[in-house]
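my_file-v1.cif, holding mmCIF, C-alpha atoms:
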data_input
#
loop_
_atom_site.label_atom_id
_atom_site.label_comp_id
_atom_site.auth_asym_id
_atom_site.auth_seq_id
_atom_site.Cartn_x
_atom_site.Cartn_y
_atom_site.Cartn_z
CA MET A 1 62.07 57.40 144.40
CA GLU A 2 58.37 56.64 144.92
CA LYS A 3 57.45 57.15 141.29
CA THR A 4 57.66 54.36 138.73
CA ILE A 5 59.71 55.43 135.74
CA CYS A 6 59.69 54.19 132.15
CA ALA A 7 61.63 54.81 128.95
CA ILE A 8 62.50 53.28 125.60
CA SER A 9 65.88 51.59 126.03
CA THR A 10 66.60 50.82 122.37
CA PRO A 11 67.27 53.33 119.57
CA ILE A 12 64.12 54.71 117.98
CA GLY A 13 63.62 53.35 114.48
CA VAL A 14 62.54 50.35 112.43
CA GLY A 15 63.95 47.06 113.69
CA GLY A 16 63.18 43.57 114.90
CA ILE A 17 62.38 44.55 118.48
CA SER A 18 62.17 47.55 120.77
CA VAL A 19 62.67 47.38 124.51
CA ILE A 20 60.68 49.51 126.96
CA ARG A 21 61.81 49.44 130.56
CA LEU A 22 59.94 50.26 133.77
CA SER A 23 61.37 50.55 137.29
CA GLY A 24 59.44 51.08 140.53
CA LYS A 25 57.02 49.37 142.87
CA GLU A 26 54.05 49.94 140.55
CA SER A 27 55.73 48.38 137.51
CA ILE A 28 53.59 45.23 137.44
CA ASN A 29 50.32 47.07 138.02
CA ILE A 30 51.06 49.60 135.28
CA VAL A 31 52.04 46.93 132.74
CA ASN A 32 48.85 45.00 133.53
CA THR A 33 46.80 48.02 132.38
CA ILE A 34 47.97 47.50 128.78
CA LEU A 35 47.69 43.69 128.67
CA GLU A 36 44.63 41.88 127.30
CA ASN A 37 44.96 39.30 130.06
CA LYS A 38 46.46 40.52 133.31
CA ILE A 39 49.36 38.66 134.88
CA GLU A 40 48.28 37.24 138.24
CA ASN A 41 51.48 35.59 139.39
CA LEU A 42 54.47 36.93 137.48
CA GLU A 43 57.48 34.74 138.16
CA PRO A 44 60.81 36.61 138.27
CA ARG A 45 63.39 36.03 135.51
CA LYS A 46 60.96 34.26 133.21
CA MET A 47 59.66 35.60 129.92
CA LEU A 48 55.98 35.57 129.04
CA LEU A 49 54.43 36.08 125.61
CA LYS A 50 51.51 38.45 126.14
CA LYS A 51 49.10 40.47 124.01
CA ILE A 52 49.36 44.22 124.42
CA LYS A 53 46.15 46.05 123.73
CA THR A 54 46.08 49.81 123.42
CA LYS A 55 43.29 52.07 122.21
CA SER A 56 44.58 52.07 118.63
CA PHE A 57 46.35 48.72 118.06
CA CYS A 58 47.43 45.33 119.44
CA ASP A 59 50.86 43.71 119.52
CA ASN A 60 52.39 40.48 120.76
CA ALA A 61 55.22 41.19 123.18
CA ILE A 62 57.54 39.44 125.61
CA ILE A 63 57.35 40.52 129.24
CA ALA A 64 60.34 39.96 131.56
CA TYR A 65 60.16 40.65 135.32
CA PHE A 66 63.11 41.31 137.64
CA LYS A 67 62.05 41.43 141.28
CA ALA A 68 63.67 43.84 143.74
CA PRO A 69 66.40 43.85 144.88
CA PHE A 70 67.68 41.46 142.18
CA SER A 71 67.46 43.88 139.28
CA TYR A 72 69.58 46.51 137.56
CA THR A 73 68.07 49.36 139.61
CA GLY A 74 67.44 47.40 142.79
CA GLU A 75 63.69 48.00 142.32
CA ASP A 76 60.97 45.97 140.60
CA VAL A 77 61.86 46.17 136.90
CA ILE A 78 59.84 45.06 133.90
CA GLU A 79 61.11 44.99 130.34
CA ILE A 80 58.69 44.87 127.42
CA GLN A 81 60.07 43.53 124.16
CA CYS A 82 57.66 44.61 121.42
CA HIS A 83 58.02 44.75 117.65
CA GLY A 84 60.43 47.45 116.58
CA GLY A 85 58.98 50.55 115.04
CA ILE A 86 58.57 54.21 115.86
CA TYR A 87 54.78 54.23 116.09
CA ILE A 88 54.30 51.01 118.07
CA THR A 89 57.06 51.75 120.58
CA ASN A 90 55.95 55.33 121.23
CA GLU A 91 52.28 54.36 121.59
CA ILE A 92 53.09 51.68 124.20
CA LEU A 93 55.21 54.23 126.08
CA LYS A 94 52.35 56.77 125.96
CA ALA A 95 49.94 54.14 127.31
CA LEU A 96 52.27 53.35 130.23
CA ILE A 97 52.58 57.04 131.08
CA LYS A 98 48.82 57.52 130.84
CA ASN A 99 48.35 54.68 133.33
CA GLY A 100 50.69 55.95 136.02
CA ALA A 101 54.32 55.74 134.90
CA THR A 102 56.61 58.77 134.65
CA ILE A 103 59.04 59.28 131.80
CA ALA A 104 62.58 58.69 133.07
CA GLU A 105 65.16 61.46 133.12
CA ASN A 106 68.53 60.96 131.42
CA GLY A 107 70.44 58.24 133.25
CA GLU A 108 67.74 57.78 135.89
CA PHE A 109 67.78 53.97 135.76
CA THR A 110 71.52 53.90 136.45
CA LYS A 111 71.19 56.67 139.02
CA ARG A 112 68.67 54.55 140.91
CA ALA A 113 71.06 51.62 140.68
CA PHE A 114 73.71 53.80 142.34
CA LEU A 115 71.37 55.18 145.01
CA ASN A 116 70.14 51.66 145.80
CA GLY A 117 73.69 50.38 146.23
CA LYS A 118 73.76 48.27 143.07
CA LEU A 119 76.59 50.27 141.49
CA SER A 120 79.36 52.53 142.74
CA LEU A 121 79.71 55.89 141.02
CA ASP A 122 82.75 54.87 138.99
CA LYS A 123 81.02 51.65 137.87
CA ALA A 124 78.10 53.74 136.67
CA GLU A 125 80.53 55.86 134.63
CA GLY A 126 81.85 52.61 133.18
CA VAL A 127 78.34 51.89 131.89
CA ILE A 128 78.20 55.11 129.87
CA ASP A 129 81.76 54.49 128.62
CA MET A 130 80.70 51.01 127.42
CA ILE A 131 77.78 52.54 125.52
CA ASN A 132 80.03 55.14 123.89
CA ALA A 133 82.98 52.81 123.11
CA GLU A 134 84.12 52.99 119.49
CA SER A 135 87.29 50.90 119.67
CA GLU A 136 88.62 47.73 121.28
CA GLU A 137 90.73 49.51 123.90
CA GLN A 138 87.86 51.89 124.75
CA ALA A 139 85.61 48.89 125.38
CA LYS A 140 88.29 47.15 127.48
CA ALA A 141 88.89 50.23 129.64
CA ALA A 142 85.14 50.81 130.02
CA TYR A 143 84.55 47.20 131.05
CA SER A 144 87.36 47.40 133.59
CA LEU A 145 85.70 50.47 135.11
CA MET A 146 82.21 48.97 134.99
CA ASN A 147 83.54 45.70 136.43
CA GLY A 148 84.81 47.50 139.54
CA ASN A 149 88.60 47.32 139.12
CA LEU A 150 88.99 50.97 140.11
CA SER A 151 86.49 50.60 142.96
CA THR A 152 88.53 47.73 144.37
CA ASP A 153 91.72 49.81 144.28
CA ILE A 154 90.02 52.81 145.88
CA LYS A 155 88.45 50.70 148.64
CA SER A 156 91.85 49.15 149.38
CA MET A 157 93.35 52.63 149.71
CA GLN A 158 90.53 53.80 151.95
CA ASP A 159 90.99 50.71 154.12
CA VAL A 160 94.64 51.68 154.64
CA LEU A 161 93.59 55.21 155.59
CA THR A 162 90.97 53.85 157.98
CA ASP A 163 93.60 51.71 159.72
CA ILE A 164 95.97 54.66 160.08
CA LEU A 165 93.19 56.92 161.35
CA ALA A 166 92.21 54.30 163.93
CA GLU A 167 95.78 54.17 165.24
CA VAL A 168 95.96 57.98 165.29
CA GLU A 169 92.70 58.21 167.27
CA VAL A 170 94.11 55.86 169.91
CA SER A 171 97.15 58.10 170.28
CA ILE A 172 94.94 61.22 170.52
CA ASP A 173 92.50 59.67 173.01
CA TYR A 174 95.28 58.46 175.28
CA PRO A 175 97.73 61.39 175.40
CA GLU A 176 99.39 60.08 178.56
CA HIS A 177 101.17 57.58 176.32
CA ASP A 178 103.76 59.55 174.36
CA ILE A 179 103.84 58.70 170.67
CA GLU A 180 106.99 56.78 169.90
CA TYR A 181 109.35 57.53 167.03
CA THR A 182 108.72 54.04 165.61
CA THR A 183 104.96 54.74 165.49
CA THR A 184 105.54 57.99 163.63
CA GLN A 185 107.80 56.21 161.18
CA LYS A 186 105.13 53.58 160.64
CA PHE A 187 102.62 56.30 159.72
CA VAL A 188 105.13 57.86 157.33
CA GLU A 189 105.83 54.52 155.63
CA LYS A 190 102.13 53.70 155.20
CA VAL A 191 101.23 57.13 153.84
CA THR A 192 104.26 57.15 151.52
CA ASN A 193 103.32 53.73 150.12
CA LEU A 194 99.75 54.88 149.63
CA LYS A 195 100.90 58.07 147.90
CA GLU A 196 102.98 55.95 145.51
CA LYS A 197 99.99 53.77 144.62
CA ILE A 198 97.90 56.86 143.87
CA ASN A 199 100.73 58.29 141.78
CA ASN A 200 100.92 55.06 139.75
CA LEU A 201 97.22 55.39 138.96
CA ILE A 202 97.60 59.06 138.01
CA ASN A 203 100.44 58.09 135.65
CA THR A 204 98.04 55.92 133.63
CA SER A 205 95.74 58.87 132.95
CA GLU A 206 97.60 60.36 129.97
CA THR A 207 97.34 57.11 128.00
CA GLY A 208 93.90 56.46 129.52
CA MET A 209 92.50 59.74 128.19
CA LEU A 210 93.87 58.92 124.75
CA ILE A 211 92.22 55.50 124.87
CA LYS A 212 88.90 57.07 125.78
CA ASN A 213 88.96 60.12 123.51
CA GLY A 214 91.28 58.99 120.73
CA ILE A 215 94.59 60.42 119.53
CA ASN A 216 94.17 63.85 117.92
CA VAL A 217 96.53 64.04 114.94
CA ALA A 218 96.79 67.28 112.97
CA ILE A 219 98.05 67.05 109.38
CA LEU A 220 99.99 70.24 108.69
CA GLY A 221 102.02 71.70 105.85
CA SER A 222 102.09 73.98 102.83
CA PRO A 223 99.54 73.75 100.00
CA ASN A 224 99.86 70.83 97.57
CA VAL A 225 102.30 68.74 99.63
CA GLY A 226 99.71 65.94 99.88
CA LYS A 227 97.95 66.53 103.21
CA SER A 228 94.49 65.57 101.95
CA SER A 229 95.94 62.62 100.05
CA LEU A 230 97.60 61.50 103.28
CA MET A 231 94.33 61.70 105.16
CA ASN A 232 92.62 59.59 102.49
CA ALA A 233 95.46 57.05 102.56
CA LEU A 234 95.32 56.68 106.35
CA LEU A 235 91.53 56.34 106.31
CA GLY A 236 91.55 53.91 103.40
CA TYR A 237 88.93 55.83 101.44
CA LYS A 238 88.50 59.21 99.75
CA ARG A 239 87.27 61.66 102.35
CA ALA A 240 89.11 64.88 101.45
CA ILE A 241 89.08 66.55 98.04
CA VAL A 242 92.41 66.22 96.23
CA THR A 243 93.38 68.53 93.32
CA ASN A 244 96.50 70.17 91.91
CA ILE A 245 95.04 73.57 92.78
CA ALA A 246 96.71 75.16 95.80
CA GLY A 247 94.37 76.06 98.66
CA THR A 248 91.70 73.41 97.95
CA THR A 249 91.18 72.72 101.67
CA ARG A 250 89.60 75.83 103.21
CA ASP A 251 88.31 74.32 106.46
CA THR A 252 89.46 71.62 108.87
CA ILE A 253 88.19 68.10 108.13
CA THR A 254 88.05 65.52 110.92
CA GLU A 255 87.67 61.77 110.46
CA SER A 256 88.76 58.75 112.49
CA TYR A 257 90.19 55.30 112.05
CA VAL A 258 91.07 52.56 114.56
CA TYR A 259 94.57 51.09 114.82
CA ASN A 260 95.68 48.47 117.39
CA GLY A 261 92.39 49.05 119.18
CA ILE A 262 92.99 52.82 119.51
CA LYS A 263 90.85 55.47 117.85
CA VAL A 264 92.88 58.02 115.86
CA ASN A 265 91.22 61.36 115.03
CA LEU A 266 92.77 62.86 111.91
CA ILE A 267 92.46 66.61 111.34
CA ASP A 268 93.22 67.73 107.79
CA THR A 269 94.04 71.45 107.79
CA ALA A 270 94.30 74.18 105.19
CA GLY A 271 97.71 74.59 103.60
CA ILE A 272 99.56 77.33 105.47
CA ARG A 273 100.86 80.14 103.29
CA GLU A 274 100.39 83.87 102.74
CA SER A 275 97.03 84.43 101.04
CA ASP A 276 94.78 87.35 100.09
CA ASN A 277 91.71 85.10 99.92
CA GLU A 278 89.51 85.78 102.97
CA VAL A 279 88.05 82.25 103.10
CA GLU A 280 91.48 80.66 102.80
CA GLN A 281 92.80 82.97 105.54
CA ILE A 282 90.06 81.71 107.88
CA GLY A 283 91.05 78.11 107.07
CA ILE A 284 94.71 78.89 107.76
CA SER A 285 93.78 80.47 111.12
CA LEU A 286 91.79 77.33 112.04
CA ALA A 287 94.78 75.18 111.06
CA LYS A 288 97.04 77.12 113.45
CA GLU A 289 94.48 76.76 116.26
CA LYS A 290 94.53 72.96 115.86
CA LEU A 291 98.22 72.97 116.77
CA ASP A 292 97.30 73.67 120.40
CA THR A 293 94.88 70.75 120.76
CA ALA A 294 96.73 68.10 118.73
CA ASP A 295 98.45 65.22 120.53
CA LEU A 296 100.67 64.76 117.48
CA ILE A 297 101.44 66.80 114.37
CA LEU A 298 102.19 65.21 111.01
CA PHE A 299 104.17 67.87 109.16
CA VAL A 300 104.01 66.95 105.48
CA ILE A 301 106.86 67.87 103.12
CA ASP A 302 107.05 67.52 99.34
CA SER A 303 110.24 65.59 98.50
CA THR A 304 110.30 66.99 94.95
CA ARG A 305 111.37 70.45 96.15
CA GLN A 306 113.31 72.22 98.89
CA LEU A 307 111.61 73.76 101.92
CA ASN A 308 110.16 77.22 101.38
CA ASP A 309 110.30 80.10 103.88
CA ASP A 310 106.75 79.46 105.15
CA GLU A 311 107.62 75.86 105.96
CA LYS A 312 110.84 76.81 107.74
CA GLU A 313 108.96 79.38 109.83
CA LEU A 314 106.23 76.89 110.72
CA LEU A 315 108.74 74.19 111.65
CA ASP A 316 110.37 76.64 114.03
CA LYS A 317 107.00 77.37 115.66
CA ILE A 318 106.22 73.70 116.30
CA LYS A 319 109.73 72.61 117.38
CA ASN A 320 108.60 72.13 121.01
CA LYS A 321 105.60 70.00 120.06
CA LYS A 322 105.39 66.28 119.32
CA VAL A 323 105.98 66.16 115.56
CA VAL A 324 106.58 63.52 112.91
CA ILE A 325 108.01 64.86 109.62
CA VAL A 326 106.21 63.05 106.80
CA ILE A 327 108.20 63.25 103.57
CA ASN A 328 105.72 62.60 100.76
CA LYS A 329 106.08 61.79 97.04
CA ILE A 330 109.14 59.54 97.46
CA ASP A 331 108.12 57.79 94.23
CA GLU A 332 109.45 60.90 92.48
CA LYS A 333 111.89 62.13 95.14
CA LYS A 334 114.47 64.77 94.16
CA HIS A 335 115.75 65.97 97.53
CA GLU A 336 117.08 64.27 100.67
CA PHE A 337 115.95 65.37 104.14
CA THR A 338 117.51 64.38 107.47
CA PHE A 339 115.09 65.39 110.19
CA GLU A 340 115.39 63.80 113.62
CA ASN A 341 111.95 62.16 113.50
CA GLN A 342 110.90 61.53 109.91
CA ILE A 343 109.24 58.91 107.74
CA GLU A 344 109.18 58.71 103.95
CA ILE A 345 105.92 57.81 102.20
CA SER A 346 104.07 57.99 98.92
CA THR A 347 100.34 58.56 99.12
CA LEU A 348 100.08 57.96 95.36
CA LYS A 349 101.71 54.51 95.56
CA ASN A 350 100.46 53.82 99.13
CA LEU A 351 104.05 53.28 100.31
CA ASN A 352 104.80 53.06 104.07
CA ILE A 353 101.25 54.08 105.11
CA GLU A 354 101.01 51.14 107.54
CA LYS A 355 104.44 52.04 108.94
CA LEU A 356 103.18 55.58 109.50
CA LYS A 357 100.13 54.25 111.36
CA GLN A 358 102.44 52.24 113.61
CA LYS A 359 104.65 55.27 114.15
CA ILE A 360 101.67 57.41 115.19
CA TYR A 361 100.71 54.71 117.69
CA ASP A 362 104.26 54.33 119.04
CA GLU A 363 104.77 58.09 119.40
CA ILE A 364 101.73 58.54 121.63
CA ILE A 365 100.68 55.31 123.34
CA ASN A 366 102.54 53.92 126.35
CA LYS A 367 102.31 50.18 125.66
CA ASN A 368 103.32 49.36 129.25
CA ILE A 369 100.10 50.97 130.48
CA ILE A 370 97.79 49.40 127.87
CA GLY A 371 97.93 46.04 129.69
CA ASN A 372 97.14 47.49 133.14
CA SER A 373 94.03 46.15 134.85
CA THR A 374 93.16 49.66 136.04
CA ILE A 375 93.59 52.69 133.79
CA ILE A 376 92.33 56.20 134.59
CA THR A 377 90.27 57.40 131.61
CA ASN A 378 88.15 60.01 133.38
CA THR A 379 89.25 63.58 134.19
CA ARG A 380 87.05 63.61 137.30
CA HIS A 381 88.84 60.54 138.65
CA LYS A 382 92.26 62.04 137.90
CA ILE A 383 91.42 65.29 139.74
CA ALA A 384 90.13 63.37 142.75
CA LEU A 385 93.31 61.27 142.86
CA GLU A 386 95.49 64.37 142.56
CA ASN A 387 93.59 66.02 145.43
CA ALA A 388 93.95 62.88 147.55
CA GLN A 389 97.66 62.78 146.77
CA LYS A 390 98.02 66.45 147.78
CA SER A 391 96.27 65.74 151.10
CA LEU A 392 98.67 62.88 151.78
CA GLU A 393 101.63 65.15 150.99
CA ASP A 394 100.21 67.71 153.44
CA SER A 395 99.84 65.00 156.08
CA LEU A 396 103.51 64.04 155.78
CA LYS A 397 104.57 67.70 156.05
CA THR A 398 102.36 68.10 159.13
CA LEU A 399 103.90 65.06 160.77
CA GLU A 400 107.42 66.16 159.89
CA ASN A 401 107.04 69.78 161.01
CA THR A 402 104.71 69.60 164.01
CA GLU A 403 103.92 65.96 164.89
CA ASN A 404 100.41 67.30 165.52
CA LEU A 405 98.23 64.22 165.23
CA GLU A 406 94.96 66.19 165.08
CA LEU A 407 96.11 68.05 161.96
CA PHE A 408 97.62 64.85 160.57
CA SER A 409 94.24 63.15 161.03
CA ILE A 410 92.40 65.97 159.20
CA ASP A 411 94.70 65.62 156.19
CA LEU A 412 94.10 61.87 156.10
CA GLN A 413 90.32 62.36 156.35
CA ASN A 414 90.49 64.79 153.43
CA ALA A 415 92.37 62.19 151.39
CA PHE A 416 89.69 59.63 152.27
CA LEU A 417 86.92 61.97 151.11
CA PHE A 418 88.69 62.80 147.84
CA LEU A 419 89.04 59.09 147.09
CA GLY A 420 85.37 58.70 148.00
CA GLU A 421 84.42 61.17 145.29
CA ILE A 422 85.45 58.54 142.74
CA THR A 423 83.20 55.77 144.05
CA GLY A 424 80.48 58.02 145.47
CA ASP A 425 81.24 57.36 149.14
CA SER A 426 81.51 61.08 149.86
CA ASN A 427 78.10 61.52 148.19
CA LYS A 428 78.54 65.01 146.77
CA GLU A 429 75.17 65.48 145.11
CA ASN A 430 76.30 68.03 142.52
CA ILE A 431 78.94 65.64 141.16
CA ILE A 432 76.45 62.77 141.04
CA ASP A 433 73.82 64.80 139.17
CA ARG A 434 76.40 66.00 136.64
CA ILE A 435 77.50 62.45 135.85
CA PHE A 436 74.04 61.00 135.33
CA SER A 437 72.93 63.90 133.14
CA LYS A 438 75.30 62.54 130.47
CA PHE A 439 73.28 59.33 130.10
CA CYS A 440 70.72 58.72 127.40
CA LEU A 441 67.06 58.01 128.14
CA GLY A 442 66.29 54.41 129.00
CA LYS A 443 69.65 53.77 130.68
#

Show me this structure written as structure tokens.
Amino acid sequence: MEKTICAISTPIGVGGISVIRLSGKESINIVNTILENKIENLEPRKMLLKKIKTKSFCDNAIIAYFKAPFSYTGEDVIEIQCHGGIYITNEILKALIKNGATIAENGEFTKRAFLNGKLSLDKAEGVIDMINAESEEQAKAAYSLMNGNLSTDIKSMQDVLTDILAEVEVSIDYPEHDIEYTTTQKFVEKVTNLKEKINNLINTSETGMLIKNGINVAILGSPNVGKSSLMNALLGYKRAIVTNIAGTTRDTITESYVYNGIKVNLIDTAGIRESDNEVEQIGISLAKEKLDTADLILFVIDSTRQLNDDEKELLDKIKNKKVVIVINKIDEKKHEFTFENQIEISTLKNLNIEKLKQKIYDEIINKNIIGNSTIITNTRHKIALENAQKSLEDSLKTLENTENLELFSIDLQNAFLFLGEITGDSNKENIIDRIFSKFCLGK
């Protein structure tokens, strides 16, 4: 990390200010090359108004200095706040690069923060989740991760494993003292308790993934039952085309809304029926594919008529999935339906739309988990926890079947390393590189 990196940290475009960030030991010297009057003694954590002078223009900018190790990256960091604009911002960046800085790679500032011990790996992932948050619960979960709640739990678990391993090593190093039954039982109790804690974290992952990615809700049914009208009603604006002509929707349409802090991804699908139209057939095939990825299916029925054969066949196909039967057009209802999980609405009169939103939320979200201080929202974290849990299960089997402390110790060390993958303690470089590649430039 000898090179000094730089990048634009704000979105490119016209605005009040743009921020350009540098990190590295040459940050001050490089910034001085573009200032009309060089900074002799730059005091940390104070802002200076300085004149930037490039070959083609001048600008007044604010310079802020964060001295190592008290900075985001742990290195000398300088932030330049110049006037917002594509030309000005890019020209200042070009001048910095010309005078010795290197353009940062995606996520390189946060990667340096991790490598310099300023952030654990999971906290760094919390940073990118904060940037990408689109709902209240996403932001809360991201802040919890960035704030180190998961790190604290993982460190506590690793501390327990360290204590057990220390006791095991004593027993291995001094074999003349036979291991007592009470000592074995103590190991079993500690490992069992630890396994339960890991399992509790894993159990938050289903809701956690939904918080992070949103609930995928597929709107399904025959043509002209009101699927597109339902999508528009849930969104609160006209997104899908609505006509009396059957087969209007030929492709899947995806839009989102936020309810109770949770993002809901609606997928309006083509009406499923037998059709000779090639384009409509493609749309129907796409609709059927969405059944496999949806967290919830809203099966829309027209209350002015009885079910047709296509609807009966489709209902049979989705009977093992999570489904809410949405009975539409109750303002002109002619038939009664008694499905196990149904709700009656009218998209035309906007009746019970809010109740349907609440039902979607209640069907999918575990409200007991929403309030947890630590929620698993990352697939990588879940896999690492599952691997750690498996290693602990293996350790208990080893102790039960053989009482071989060497093998027992290996299983515990494996569990420790799997937990370390979450925070970065095990330092697997390929995992680290994959995470930071997801970041944008300037972060």

Just checking: using all atoms listed in the file, which residue out of A:Asn90, A:Ser27, A:Ser135, A:Ser346 ends up closest to Gly13 in chain A?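 Closest residue, counting all atoms listed in the file: A:Asn90.
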
Applied to the shown file, which residues does the PyMOL selection byres ((chain A and resi 394-411) around 12) return, written as JSON, numbers by chain? {"A": [161, 162, 163, 164, 165, 166, 167, 168, 169, 170, 171, 172, 173, 174, 175, 178, 179, 180, 181, 183, 184, 185, 186, 187, 188, 189, 190, 191, 192, 193, 194, 195, 387, 388, 389, 390, 391, 392, 393, 412, 413, 414, 415, 416, 417, 418]}

Translate the PyMOL selection byres ((chain A and resi 62) around 7), as applied to the file shown, into an explicit residue set as a PyMOL selection string. chain A and resi 47-50+61+63-64+80-82

Decode the PyMOL selection byres ((chain A and resi 353) around 12) for the given file into explicit residues and return them as a PDB file with C-alpha atoms, keeping the file's coordinate frame.
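Output file selection.pdb is given in full below:
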ATOM      1  CA  SER A 229      95.940  62.620 100.050  1.00  0.00           C
ATOM      2  CA  LEU A 230      97.600  61.500 103.280  1.00  0.00           C
ATOM      3  CA  MET A 231      94.330  61.700 105.160  1.00  0.00           C
ATOM      4  CA  ASN A 232      92.620  59.590 102.490  1.00  0.00           C
ATOM      5  CA  ALA A 233      95.460  57.050 102.560  1.00  0.00           C
ATOM      6  CA  LEU A 234      95.320  56.680 106.350  1.00  0.00           C
ATOM      7  CA  LEU A 235      91.530  56.340 106.310  1.00  0.00           C
ATOM      8  CA  GLY A 236      91.550  53.910 103.400  1.00  0.00           C
ATOM      9  CA  VAL A 326     106.210  63.050 106.800  1.00  0.00           C
ATOM     10  CA  ILE A 327     108.200  63.250 103.570  1.00  0.00           C
ATOM     11  CA  ASN A 328     105.720  62.600 100.760  1.00  0.00           C
ATOM     12  CA  ILE A 343     109.240  58.910 107.740  1.00  0.00           C
ATOM     13  CA  GLU A 344     109.180  58.710 103.950  1.00  0.00           C
ATOM     14  CA  ILE A 345     105.920  57.810 102.200  1.00  0.00           C
ATOM     15  CA  SER A 346     104.070  57.990  98.920  1.00  0.00           C
ATOM     16  CA  THR A 347     100.340  58.560  99.120  1.00  0.00           C
ATOM     17  CA  LEU A 348     100.080  57.960  95.360  1.00  0.00           C
ATOM     18  CA  LYS A 349     101.710  54.510  95.560  1.00  0.00           C
ATOM     19  CA  ASN A 350     100.460  53.820  99.130  1.00  0.00           C
ATOM     20  CA  LEU A 351     104.050  53.280 100.310  1.00  0.00           C
ATOM     21  CA  ASN A 352     104.800  53.060 104.070  1.00  0.00           C
ATOM     22  CA  GLU A 354     101.010  51.140 107.540  1.00  0.00           C
ATOM     23  CA  LYS A 355     104.440  52.040 108.940  1.00  0.00           C
ATOM     24  CA  LEU A 356     103.180  55.580 109.500  1.00  0.00           C
ATOM     25  CA  LYS A 357     100.130  54.250 111.360  1.00  0.00           C
ATOM     26  CA  GLN A 358     102.440  52.240 113.610  1.00  0.00           C
ATOM     27  CA  LYS A 359     104.650  55.270 114.150  1.00  0.00           C
ATOM     28  CA  ILE A 360     101.670  57.410 115.190  1.00  0.00           C
TER      29      ILE A 360
END

Neighbour list for Lys51 in chain A as a PDB file with C-alpha atoms, keeping the file's coordinate frame, cut-off 8 Å, all atoms listed in the file, skip fewer than 6 positions in-chain:
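That gives us around00.pdb:
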ATOM      1  CA  LEU A  35      47.690  43.690 128.670  1.00  0.00           C
ATOM      2  CA  GLU A  36      44.630  41.880 127.300  1.00  0.00           C
ATOM      3  CA  ASN A  37      44.960  39.300 130.060  1.00  0.00           C
ATOM      4  CA  CYS A  58      47.430  45.330 119.440  1.00  0.00           C
ATOM      5  CA  ASP A  59      50.860  43.710 119.520  1.00  0.00           C
ATOM      6  CA  ASN A  60      52.390  40.480 120.760  1.00  0.00           C
ATOM      7  CA  ALA A  61      55.220  41.190 123.180  1.00  0.00           C
TER       8      ALA A  61
END

With all atoms listed in the file as the atoms that count, which of A:Asp302, A:Glu136, A:Asp159, A:Asp309 lies nearest to Gly226 in chain A?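 Looking at the shortest contact to Gly226 in chain A, the residue is A:Asp302.
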
Quick one: residues within 12 Å of range 151-153 of chain A, all atoms listed in the file counted, chain neighbours fewer than 6 positions away excluded, as a VMD selection string? chain A and resid 119 to 126 144 to 145 159 to 160 194 197 to 198 200 to 201 373 to 376 381 385 419 to 425

Identify which of the residues A:Lys333, A:Lys238, A:Lys322, A:His83 lies closest to Ile364 in chain A, counting all atoms listed in the file when measuring atom-to-atom distances. A:Lys322

Between CA of Ile370 in chain A and CA of Asn213 in chain A, measure the distance and give it in Å to one decimal.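 Computed distance, CA of Ile370 in chain A to CA of Asn213 in chain A, equals 14.6 Å.
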
For Asn99 in chain A, work out the shell of residues within 7 Å, counting only C-alpha atoms and skipping chain neighbours fewer than 2 positions away, then give it as a PyMOL selection string. chain A and resi 30+33+95-97+101

Please determine, counting all atoms listed in the file, which residue among A:Thr207, A:Asn216, A:Ser23, A:Asn29 has the shortest atom-to-atom distance to Lys67 in chain A. A:Ser23

Just how far from CA of Gly74 in chain A is CA of Asn41 in chain A, in Å to one decimal?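 Separation between CA of Asn41 in chain A and CA of Gly74 in chain A: 20.1 Å.
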
Grab the CA of Leu314 in chain A to CA of Gly221 in chain A distance for me, in Å with one decimal place. 8.3 Å

Take the point (115.3, 64.5, 114.6) in the file's coordinates, draw a sphere of radius 10 Å around it, and report as number ranges by chain every protein, DNA or RNA residue with an atom inside or on it, counting all atoms listed in the file. A: 323-325, 338-342
